[in-house]
Amino acid sequence: MAGVARSASLTDLKTDQPRVSVRFQRSKTFAHPSPAHTHRHEGLKTRAFSRVTSFLQRWRTKKLTEAQLEELRGNTKFTDEELKSYYKRFARDNPAGQITPHKLDKFLRSKFPAGDPSEASKMIVELFDTDKSGGLDFFELMTVLSVTMRGSKLDKLSLAFQMVDLDQSGGIEMRELETLMEVLHKLVGITVTRMSALDDTPAAHAHSMMTALDTNRDDVITFQEFVAGVESNPNLVALLTSHADPKFLCKQYLEDD
């Protein structure tokens, strides 16, 4: 209808430009002590242990320091009041300062009692644990949730693409889709029966995804193809990223009791 402004579609995004990365550069404010230094000699071991102890004690406090707040302001879209409130809950539930795969596994089992979330829990931590400490700290959690809750359309699509592009090569391949489908099947407890064996296997689902998204048939899904596929089928993003949906983390660690 003339005179009515058309809402922006996903195809309006400039996907020919370099893909936006939602990854971030951590500063020393939130950095974990490196375990590599503990293997040099006993003197360094003692110092490293002291740094670890100091770190854990700092994260057991109920308040963020001004330096931590400043870093969070620069990497998230949350207000100071929100960050302080979220951290109070996070620190209470995670006195060691991290969400570990084991703790996440326990939470996912309560949501998917018929499934096995062990692989999904490990994958979530590996996806968002940017400093490779083995768990998700408050900074990592807030950075991801800021994108999913308040990021632009392009930011959210970029994050979704990175969650599927497991090796971060810039393209999604069949083996990555098959891995994701296997994790999803185990997470929700899908079992393949004789009657549905041809349709319900992870490989069959991965093939369907590749067919739907790989428009030039080169066996690699680019970010441009990913965006175009979402435009025609918005449910694809929800399905492909459901193994590591940050909304689970939001519900568990940010919402009021």
# chains A, B, ... in the order shown; residues from 1 in each chain; ligands from 1

$ residues_around --residues "Asn75 in chain A" --least-positions-apart "3" --cutoff "7 Å" --atoms "only C-alpha atoms" --output "compact mmCIF listing (two decimals) with N, CA, C and O atoms, in the first residue's frame"
# COMPACT_ATOMS: atom_id res chain seq x y z
N GLU A 71 34.33 -2.13 32.34
CA GLU A 71 34.53 -3.06 31.23
C GLU A 71 33.21 -3.61 30.72
O GLU A 71 33.01 -3.76 29.51
N LEU A 72 32.29 -3.88 31.61
CA LEU A 72 30.98 -4.38 31.20
C LEU A 72 30.19 -3.32 30.45
O LEU A 72 29.46 -3.63 29.50
N THR A 143 28.07 -10.73 28.17
CA THR A 143 28.37 -10.33 26.80
C THR A 143 27.47 -11.06 25.81
O THR A 143 26.93 -10.46 24.88

$ closest_atom_pairs --of "range 122-163 of chain A" --to "range 227-235 of chain A" --cutoff "10 Å" --atoms "only C-alpha atoms" --output "tab-separated table"
residue	atom	partner	partner_atom	distance
A:Leu154	CA	A:Val227	CA	9.0
A:Leu157	CA	A:Val227	CA	7.2
A:Ser158	CA	A:Val227	CA	9.1
A:Phe161	CA	A:Val227	CA	8.9

$ write_last_selection --atoms "C-alpha atoms" --output "JSON list (two decimals), in the first residue's frame"
[["chain", "number", "residue", "atom", "x", "y", "z"],
["A", 154, "LEU", "CA", 22.71, -8.42, 12.41],
["A", 157, "LEU", "CA", 22.35, -13.42, 13.27],
["A", 158, "SER", "CA", 26.12, -13.24, 13.56],
["A", 161, "PHE", "CA", 26.01, -18.26, 12.78]]

$ closest_residue --among "A:Leu240, A:Thr76, A:Glu70, A:Gly97" --to "Gly151 in chain A" --atoms "only C-alpha atoms"
A:Thr76

$ atom_distance --atom1 "CA of Lys156 in chain A" --atom2 "CA of Lys63 in chain A"
29.3 Å

$ select_by_dssp --residues "range 90-192 of chain A" --states "strand (DSSP E or B)" --output "list in words"
Ile99, Leu136, Ile172 and Glu173 of chain A

$ write_last_selection --atoms "N, CA, C and O atoms" --output "short mmCIF file (atom, residue, chain, number, x, y, z; two decimals), in the first residue's frame"
data_model
loop_
_atom_site.label_atom_id
_atom_site.label_comp_id
_atom_site.auth_asym_id
_atom_site.auth_seq_id
_atom_site.Cartn_x
_atom_site.Cartn_y
_atom_site.Cartn_z
N ILE A 99 30.15 -20.72 35.75
CA ILE A 99 29.15 -21.76 35.48
C ILE A 99 29.89 -22.88 34.77
O ILE A 99 30.38 -22.72 33.66
N LEU A 136 31.98 -20.55 32.38
CA LEU A 136 31.50 -19.23 31.96
C LEU A 136 31.49 -18.29 33.16
O LEU A 136 30.79 -18.54 34.15
N ILE A 172 29.67 -23.03 7.31
CA ILE A 172 29.09 -24.18 8.01
C ILE A 172 29.11 -25.39 7.07
O ILE A 172 28.58 -25.34 5.97
N GLU A 173 29.72 -26.47 7.52
CA GLU A 173 29.85 -27.66 6.71
C GLU A 173 28.94 -28.77 7.22
O GLU A 173 28.41 -28.70 8.33
#

$ atom_distance --atom1 "CA of Thr100 in chain A" --atom2 "CA of Gly189 in chain A"
22.2 Å

$ select_by_dssp --residues "range 101-226 of chain A" --states "alpha helix (DSSP H)" --output "NGL selection string"
:A and (101-111 or 118-128 or 138-150 or 153-164 or 174-188 or 202-213 or 223-226)

$ residues_around --residues "range 125-128 of chain A" --least-positions-apart "3" --cutoff "8 Å" --atoms "only C-alpha atoms" --output "ChimeraX atom specification"
/A:100-101,121-122,132,134-136,140-141,144,163,166

$ atom_distance --atom1 "CA of Arg109 in chain A" --atom2 "CA of Ile124 in chain A"
14.2 Å

$ closest_residue --among "A:Leu213, A:Val188, A:Ala203, A:Val237" --to "Pro117 in chain A" --atoms "only C-alpha atoms"
A:Val188

$ residues_around --residues "range 79-81 of chain A" --least-positions-apart "2" --cutoff "12 Å" --atoms "only C-alpha atoms" --output "PyMOL selection string"
chain A and resi 63-66+68-77+83-88+142+146+150

$ write_last_selection --atoms "N, CA and C atoms" --output "tab-separated table (two decimals), in the first residue's frame"
chain	number	residue	atom	x	y	z
A	63	LYS	N	29.58	-7.64	45.16
A	63	LYS	CA	29.56	-6.40	44.40
A	63	LYS	C	30.64	-6.40	43.32
A	64	LEU	N	30.31	-5.76	42.21
A	64	LEU	CA	31.28	-5.57	41.14
A	64	LEU	C	32.16	-4.37	41.46
A	65	THR	N	33.42	-4.45	41.09
A	65	THR	CA	34.30	-3.31	41.27
A	65	THR	C	34.00	-2.28	40.18
A	66	GLU	N	34.47	-1.08	40.38
A	66	GLU	CA	34.26	-0.03	39.38
A	66	GLU	C	34.97	-0.39	38.07
A	68	GLN	N	35.47	-3.42	36.88
A	68	GLN	CA	34.66	-4.46	36.22
A	68	GLN	C	33.42	-3.86	35.59
A	69	LEU	N	32.79	-2.93	36.31
A	69	LEU	CA	31.62	-2.25	35.75
A	69	LEU	C	31.98	-1.49	34.48
A	70	GLU	N	33.12	-0.83	34.50
A	70	GLU	CA	33.54	-0.06	33.34
A	70	GLU	C	33.75	-0.97	32.13
A	71	GLU	N	34.33	-2.13	32.34
A	71	GLU	CA	34.53	-3.06	31.23
A	71	GLU	C	33.21	-3.61	30.72
A	72	LEU	N	32.29	-3.88	31.61
A	72	LEU	CA	30.98	-4.38	31.20
A	72	LEU	C	30.19	-3.32	30.45
A	73	ARG	N	30.32	-2.07	30.84
A	73	ARG	CA	29.65	-0.98	30.13
A	73	ARG	C	30.11	-0.92	28.68
A	74	GLY	N	31.39	-1.19	28.46
A	74	GLY	CA	31.92	-1.11	27.12
A	74	GLY	C	31.62	-2.31	26.24
A	75	ASN	N	31.12	-3.40	26.85
A	75	ASN	CA	30.89	-4.62	26.07
A	75	ASN	C	29.46	-5.13	26.12
A	76	THR	N	28.59	-4.47	26.88
A	76	THR	CA	27.19	-4.89	26.95
A	76	THR	C	26.29	-3.67	26.84
A	77	LYS	N	25.00	-3.93	26.75
A	77	LYS	CA	24.01	-2.86	26.69
A	77	LYS	C	23.12	-2.83	27.93
A	83	LEU	N	23.31	-4.68	35.81
A	83	LEU	CA	24.53	-5.47	36.00
A	83	LEU	C	24.75	-5.81	37.47
A	84	LYS	N	24.53	-4.86	38.35
A	84	LYS	CA	24.71	-5.10	39.77
A	84	LYS	C	23.70	-6.13	40.28
A	85	SER	N	22.46	-6.01	39.81
A	85	SER	CA	21.42	-6.96	40.22
A	85	SER	C	21.72	-8.36	39.70
A	86	TYR	N	22.11	-8.45	38.42
A	86	TYR	CA	22.44	-9.75	37.84
A	86	TYR	C	23.64	-10.38	38.53
A	87	TYR	N	24.62	-9.54	38.85
A	87	TYR	CA	25.81	-10.10	39.48
A	87	TYR	C	25.53	-10.61	40.89
A	88	LYS	N	24.66	-9.94	41.59
A	88	LYS	CA	24.30	-10.39	42.94
A	88	LYS	C	23.74	-11.80	42.88
A	142	MET	N	27.32	-12.15	30.47
A	142	MET	CA	26.67	-10.88	30.16
A	142	MET	C	26.90	-10.46	28.70
A	146	SER	N	23.75	-9.94	26.32
A	146	SER	CA	23.52	-8.59	25.80
A	146	SER	C	23.18	-8.64	24.31
A	150	ARG	N	19.50	-7.61	23.54
A	150	ARG	CA	19.43	-6.21	23.12
A	150	ARG	C	20.27	-5.89	21.89

$ residues_around --residues "Ala120 in chain A" --least-positions-apart "2" --cutoff "12 Å" --atoms "only C-alpha atoms" --output "short mmCIF file (atom, residue, chain, number, x, y, z; two decimals) with C-alpha atoms, in the first residue's frame"
data_model
loop_
_atom_site.label_atom_id
_atom_site.label_comp_id
_atom_site.auth_asym_id
_atom_site.auth_seq_id
_atom_site.Cartn_x
_atom_site.Cartn_y
_atom_site.Cartn_z
CA PRO A 101 29.61 -27.79 32.37
CA HIS A 102 28.65 -29.97 35.34
CA LEU A 104 24.87 -26.54 33.43
CA ASP A 105 24.29 -30.25 32.89
CA LYS A 106 22.23 -30.42 36.09
CA PHE A 107 20.09 -27.50 34.97
CA LEU A 108 19.47 -28.91 31.48
CA ARG A 109 18.51 -32.28 32.91
CA PHE A 112 14.97 -32.31 29.40
CA GLY A 115 17.45 -36.66 27.35
CA ASP A 116 21.19 -36.63 27.93
CA PRO A 117 22.45 -33.01 28.02
CA SER A 118 26.08 -33.81 28.83
CA LYS A 122 30.11 -29.02 27.16
CA MET A 123 29.31 -27.40 23.82
CA ILE A 124 27.69 -24.36 25.44
CA VAL A 125 30.74 -23.74 27.61
CA GLU A 126 33.12 -24.24 24.68
CA LEU A 127 31.13 -21.80 22.54
CA MET A 163 27.07 -21.00 17.27
CA THR A 179 27.35 -32.87 15.09
CA LEU A 180 24.68 -30.37 16.08
CA MET A 181 21.87 -32.72 15.17
CA GLU A 182 23.44 -35.51 17.22
CA VAL A 183 23.73 -33.20 20.22
CA LEU A 184 20.12 -32.08 19.80
CA HIS A 185 18.85 -35.65 19.55
CA LYS A 186 20.61 -36.57 22.78
CA LEU A 187 19.52 -33.37 24.51
CA VAL A 188 15.81 -33.87 23.94
CA THR A 241 20.95 -22.89 17.97
CA SER A 242 18.62 -24.61 20.43
CA HIS A 243 21.49 -26.78 21.72
CA ALA A 244 23.10 -23.65 23.17
CA ASP A 245 20.23 -21.21 23.46
CA PHE A 248 18.35 -21.09 29.09
#

$ residues_around --residues "Asp219 in chain A" --least-positions-apart "4" --cutoff "8 Å" --atoms "only C-alpha atoms" --output "count of residues only"
4
